Amino acid sequence: MAENKEPLKPDKNDKNIKTKFNTNWFFFILLLAFIAFQVFFTGKYTKKAGQREIEQMVINHDIEKVVVVNKDQAEIYIKPDSLKSGRYPDFVDHKGFGLQPPRPQYYHNFGTVELFEQFFAAAQEKAGYTQDEWIHPEYQTRKDYLATFLGVILPFLLIALVWIYFMRRMASGGGGGGAGNIFSVGKSKAQIFDKDTHIKTNFSDVAGLEEAKTEVMEIVDFLKNPKKYTSLGGKIPKGALLVGPPGTGKTLLAKAVAGEANVPFFSISGSDFVEMFVGVGASRVRDLFKQAKEKAPCIVFIDEIDAVGRARGRNPNFGTNDERENTLNQLLTEMDGFGTNSGVIILAATNRADILDKALLRAGRFDRQINVELPDIREREAIFKVHLRPIKLEEGFDITFLAKNTPGFSGADIANVCNEAALIAARGNKTVVEKQDFLDAIDRIIGGLEKKNKIVSLEEKKTIAYHEAGHATVSWLLEYASPLLKVTIIPRGKALGAAWYLPEERSISTREHILDELAYALGGRAAEELVIGKISTGALSDLEKVTKQAYAMVAYFGMSDEIGNMSFYDSSGQSEFGFTKPYSEKTAELIDHEAKKIVEESYRKAKEVISANIVGLTQLAEQLLEKEVIFSEDLERIFGKRKGDKTRGLTQEPAKSE
């Protein structure tokens, strides 16, 4: 095998090496020539003279000659002896400088030649000039070749020079330069991370996501040890798609891959392919894969791939040419077309996998879909440990408590909780972050900022108190409803009151679970009707939630006797832009009737619970009016211990008011 040798670098001191002529010197020489022309061929300083000054020159016999140029200007030459007399201190006698011809000392502009001739002749007669002394003007016609050149030829010359400059920039590869270069439009904007780039993120910074990390680490391991897999005849997947809700760590996982892999890593966003110019997206895809092939083996990460990977034919615009579709077609071709991309592995992330094109998801392109879901209690604890590293905590701090009190939180939410708790502690001039700071941070993130100064009348405050007490009572007494942790009537965010519940973390819900949830959601409206005798707009968010859940039970989950075991849910998202419903008008009326019946039954159930416990509800509302905040201990003291109570997490269902 031939030995690879580095190319010899030329010696700068070698005189035999011919240096390439720099065209910039050509422009510099042209500039010097223009300056020299101005110095040697441009006239000396000439001053304008009026009729009185000319008459005085005639009287003093100082004028040597007068030249009328182009019938609109008179050039007046002063005698050398007169210049030495001191009457013209601004001028000195000169015989020309270099190639510069003698120039007049004064000039005079006039309207017509006849008027000037009459004026000049009258001045000489007045001065008593004899026939021998009489000065006859000379007449000349001159052309300003420099002005003609500057006005006609120079603009075309400048355009040619600018065009040559940009052509040389393109030919020398200058188009791939900075973002301000107009020729970089079709170039890839991917960031390249290689062994020389220091990336601090690694898999130890990614808590939880064990299954996702296992699959991604396998890809990294293949790039490091390909013979381990190819010796058995196996082939590495060409691509892996990270799918999950926002904030679950898809991009962080890709950053960890860049930190762990000892191969080049290209990172780009899906929106970077889309531009206002036609064909730019496809050009950037080609350029990206061209760079990737040159640095293979490598990894290409496309974040938010749904920006260009949307299913073809489903875009809302009806134009004949769609730039996104052209970009997607080029991406499909590069990933698995006639050309081979050996050693180039594609990682992509999205939270909208349902709208991606099927051709993009087929085997051979994205062979694997890695689901990155919301973390469970153990994963949340691990994520808290990662984000609590730089935070100064009080001694004996219980991280497990935080994990239990943040169900449904993503990794980004947990990072926000930790940061917000540190800010709250600093605002209170504390030296360490305490447990209460984290609880306040969770309340701040879930419900918004407290508005203690918001003006609320006593009647409104009473309505809010009974509304929240109704939620608390029904949720505490129903078996499958989520029990309450805390209730407040302090305005927070857009809500005039808020309640924190303790939902059980379960994968599926039964009909009994959903019906009890609907009942406690309607508990606030039921309490207003039974106790106050009036209903308010404070149940807006409750009614919205109940209505959507009731229609989902009937149309999606098959929990209606009249509709039966049928579901009109479209998991593929193909009906997103459809104009027709997948059921008849008669079925639509039946769905409306069944959903309304479920809501009415749940409302009746909530009213029955409140009617049977009206005394406890009143006590709870009075405590709310007095303390503004009550906890689960107050409910246990009033209603007794809840049946089947379990250790659960924390969430919030705020009661909003219009």
# chains A, B, ... in the order shown; residues from 1 in each chain; ligands from 1
call {"tool": "select_by_dssp", "arguments": {"residues": "stretch 323-527 of chain A", "states": "strand (DSSP E)", "output": "list in words"}}
result
Val344, Ile345, Ile346, Leu347, Ala348, Ala349, Thr350, Arg368, Gln369, Ile370, Asn371, Leu484, Leu485, Lys486, Val487, Thr488, Ala495, Leu496, Gly497, Ala498, Ala499, Trp500 and Tyr501 of chain A
call {"tool": "write_last_selection", "arguments": {"atoms": "N, CA, C and O atoms", "output": "PDB file, in the first residue's frame"}}
result
ATOM      1  N   VAL A 344     -22.448   7.911   6.987  1.00  0.00           N
ATOM      2  CA  VAL A 344     -23.195   9.106   7.376  1.00  0.00           C
ATOM      3  C   VAL A 344     -24.489   8.673   8.044  1.00  0.00           C
ATOM      4  O   VAL A 344     -25.340   8.049   7.415  1.00  0.00           O
ATOM      5  N   ILE A 345     -24.631   8.985   9.329  1.00  0.00           N
ATOM      6  CA  ILE A 345     -25.812   8.598  10.098  1.00  0.00           C
ATOM      7  C   ILE A 345     -26.618   9.855  10.419  1.00  0.00           C
ATOM      8  O   ILE A 345     -26.064  10.873  10.832  1.00  0.00           O
ATOM      9  N   ILE A 346     -27.927   9.767  10.210  1.00  0.00           N
ATOM     10  CA  ILE A 346     -28.809  10.918  10.400  1.00  0.00           C
ATOM     11  C   ILE A 346     -29.552  10.774  11.717  1.00  0.00           C
ATOM     12  O   ILE A 346     -30.183   9.738  11.976  1.00  0.00           O
ATOM     13  N   LEU A 347     -29.465  11.787  12.557  1.00  0.00           N
ATOM     14  CA  LEU A 347     -30.296  11.902  13.755  1.00  0.00           C
ATOM     15  C   LEU A 347     -31.226  13.096  13.549  1.00  0.00           C
ATOM     16  O   LEU A 347     -30.803  14.133  13.051  1.00  0.00           O
ATOM     17  N   ALA A 348     -32.486  12.930  13.909  1.00  0.00           N
ATOM     18  CA  ALA A 348     -33.450  14.027  13.772  1.00  0.00           C
ATOM     19  C   ALA A 348     -34.349  14.042  14.991  1.00  0.00           C
ATOM     20  O   ALA A 348     -34.528  13.025  15.669  1.00  0.00           O
ATOM     21  N   ALA A 349     -34.916  15.196  15.281  1.00  0.00           N
ATOM     22  CA  ALA A 349     -35.795  15.354  16.440  1.00  0.00           C
ATOM     23  C   ALA A 349     -37.038  16.112  16.023  1.00  0.00           C
ATOM     24  O   ALA A 349     -36.974  17.033  15.193  1.00  0.00           O
ATOM     25  N   THR A 350     -38.179  15.719  16.588  1.00  0.00           N
ATOM     26  CA  THR A 350     -39.441  16.399  16.324  1.00  0.00           C
ATOM     27  C   THR A 350     -40.442  16.043  17.409  1.00  0.00           C
ATOM     28  O   THR A 350     -40.323  15.002  18.055  1.00  0.00           O
ATOM     29  N   ARG A 368     -35.231   3.763  12.837  1.00  0.00           N
ATOM     30  CA  ARG A 368     -35.673   3.657  14.230  1.00  0.00           C
ATOM     31  C   ARG A 368     -36.360   4.947  14.657  1.00  0.00           C
ATOM     32  O   ARG A 368     -35.927   6.040  14.295  1.00  0.00           O
ATOM     33  N   GLN A 369     -37.412   4.793  15.407  1.00  0.00           N
ATOM     34  CA  GLN A 369     -38.062   5.922  16.066  1.00  0.00           C
ATOM     35  C   GLN A 369     -37.875   5.752  17.569  1.00  0.00           C
ATOM     36  O   GLN A 369     -38.367   4.784  18.149  1.00  0.00           O
ATOM     37  N   ILE A 370     -37.145   6.657  18.171  1.00  0.00           N
ATOM     38  CA  ILE A 370     -36.833   6.591  19.596  1.00  0.00           C
ATOM     39  C   ILE A 370     -37.782   7.538  20.317  1.00  0.00           C
ATOM     40  O   ILE A 370     -37.728   8.755  20.133  1.00  0.00           O
ATOM     41  N   ASN A 371     -38.669   6.978  21.118  1.00  0.00           N
ATOM     42  CA  ASN A 371     -39.646   7.786  21.853  1.00  0.00           C
ATOM     43  C   ASN A 371     -39.008   8.358  23.113  1.00  0.00           C
ATOM     44  O   ASN A 371     -38.483   7.617  23.946  1.00  0.00           O
ATOM     45  N   LEU A 484     -57.133  16.656  46.668  1.00  0.00           N
ATOM     46  CA  LEU A 484     -56.581  18.001  46.641  1.00  0.00           C
ATOM     47  C   LEU A 484     -55.437  18.160  47.616  1.00  0.00           C
ATOM     48  O   LEU A 484     -55.440  17.573  48.698  1.00  0.00           O
ATOM     49  N   LEU A 485     -54.425  18.940  47.225  1.00  0.00           N
ATOM     50  CA  LEU A 485     -53.299  19.236  48.096  1.00  0.00           C
ATOM     51  C   LEU A 485     -53.420  20.624  48.703  1.00  0.00           C
ATOM     52  O   LEU A 485     -53.201  20.804  49.894  1.00  0.00           O
ATOM     53  N   LYS A 486     -53.788  21.617  47.903  1.00  0.00           N
ATOM     54  CA  LYS A 486     -53.834  22.991  48.376  1.00  0.00           C
ATOM     55  C   LYS A 486     -54.831  23.779  47.545  1.00  0.00           C
ATOM     56  O   LYS A 486     -54.982  23.551  46.348  1.00  0.00           O
ATOM     57  N   VAL A 487     -55.528  24.714  48.185  1.00  0.00           N
ATOM     58  CA  VAL A 487     -56.464  25.607  47.504  1.00  0.00           C
ATOM     59  C   VAL A 487     -56.138  27.029  47.935  1.00  0.00           C
ATOM     60  O   VAL A 487     -55.837  27.284  49.106  1.00  0.00           O
ATOM     61  N   THR A 488     -56.205  27.948  46.969  1.00  0.00           N
ATOM     62  CA  THR A 488     -55.974  29.352  47.282  1.00  0.00           C
ATOM     63  C   THR A 488     -56.973  30.209  46.521  1.00  0.00           C
ATOM     64  O   THR A 488     -57.407  29.850  45.432  1.00  0.00           O
ATOM     65  N   ALA A 495     -55.960  33.433  36.650  1.00  0.00           N
ATOM     66  CA  ALA A 495     -56.964  32.782  37.485  1.00  0.00           C
ATOM     67  C   ALA A 495     -57.210  33.587  38.756  1.00  0.00           C
ATOM     68  O   ALA A 495     -56.275  34.113  39.367  1.00  0.00           O
ATOM     69  N   LEU A 496     -58.477  33.668  39.151  1.00  0.00           N
ATOM     70  CA  LEU A 496     -58.829  34.325  40.414  1.00  0.00           C
ATOM     71  C   LEU A 496     -58.686  33.389  41.598  1.00  0.00           C
ATOM     72  O   LEU A 496     -58.635  33.824  42.740  1.00  0.00           O
ATOM     73  N   GLY A 497     -58.630  32.095  41.325  1.00  0.00           N
ATOM     74  CA  GLY A 497     -58.416  31.086  42.356  1.00  0.00           C
ATOM     75  C   GLY A 497     -57.774  29.876  41.718  1.00  0.00           C
ATOM     76  O   GLY A 497     -57.877  29.661  40.511  1.00  0.00           O
ATOM     77  N   ALA A 498     -57.108  29.045  42.524  1.00  0.00           N
ATOM     78  CA  ALA A 498     -56.400  27.900  41.976  1.00  0.00           C
ATOM     79  C   ALA A 498     -56.415  26.757  42.973  1.00  0.00           C
ATOM     80  O   ALA A 498     -56.451  26.978  44.192  1.00  0.00           O
ATOM     81  N   ALA A 499     -56.379  25.549  42.430  1.00  0.00           N
ATOM     82  CA  ALA A 499     -56.374  24.347  43.270  1.00  0.00           C
ATOM     83  C   ALA A 499     -55.299  23.397  42.768  1.00  0.00           C
ATOM     84  O   ALA A 499     -55.187  23.158  41.568  1.00  0.00           O
ATOM     85  N   TRP A 500     -54.512  22.859  43.691  1.00  0.00           N
ATOM     86  CA  TRP A 500     -53.456  21.901  43.370  1.00  0.00           C
ATOM     87  C   TRP A 500     -53.948  20.502  43.737  1.00  0.00           C
ATOM     88  O   TRP A 500     -54.279  20.231  44.892  1.00  0.00           O
ATOM     89  N   TYR A 501     -53.977  19.614  42.728  1.00  0.00           N
ATOM     90  CA  TYR A 501     -54.461  18.256  42.956  1.00  0.00           C
ATOM     91  C   TYR A 501     -53.306  17.265  42.977  1.00  0.00           C
ATOM     92  O   TYR A 501     -52.177  17.583  42.607  1.00  0.00           O
TER      93      TYR A 501
END
call {"tool": "residues_around", "arguments": {"residues": "stretch 87-91 of chain A", "least_positions_apart": "4", "cutoff": "8 Å", "atoms": "only C-alpha atoms", "output": "list in words"}}
result
Ser82, Leu83 and Gln105 of chain A
call {"tool": "residues_around", "arguments": {"residues": "A:Asp336", "least_positions_apart": "2", "cutoff": "7 Å", "atoms": "only C-alpha atoms", "output": "PDB file with C-alpha atoms, in the first residue's frame"}}
result
ATOM      1  CA  LEU A 332     -35.195  11.783   0.658  1.00  0.00           C
ATOM      2  CA  THR A 333     -32.853  11.356  -2.290  1.00  0.00           C
ATOM      3  CA  GLU A 334     -29.748  12.095  -0.236  1.00  0.00           C
ATOM      4  CA  PHE A 338     -28.865   6.032  -5.996  1.00  0.00           C
ATOM      5  CA  GLY A 364     -33.702   2.647   5.016  1.00  0.00           C
ATOM      6  CA  ARG A 365     -34.068   6.283   5.953  1.00  0.00           C
TER       7      ARG A 365
END
call {"tool": "atom_distance", "arguments": {"atom1": "atom CA of A:Pro264", "atom2": "atom CA of A:Cys298"}}
result
4.9 Å
call {"tool": "closest_residue", "arguments": {"among": "A:Lys548, A:Lys392, A:Arg310, A:Arg492", "to": "A:Gly447", "atoms": "only C-alpha atoms"}}
result
A:Arg492
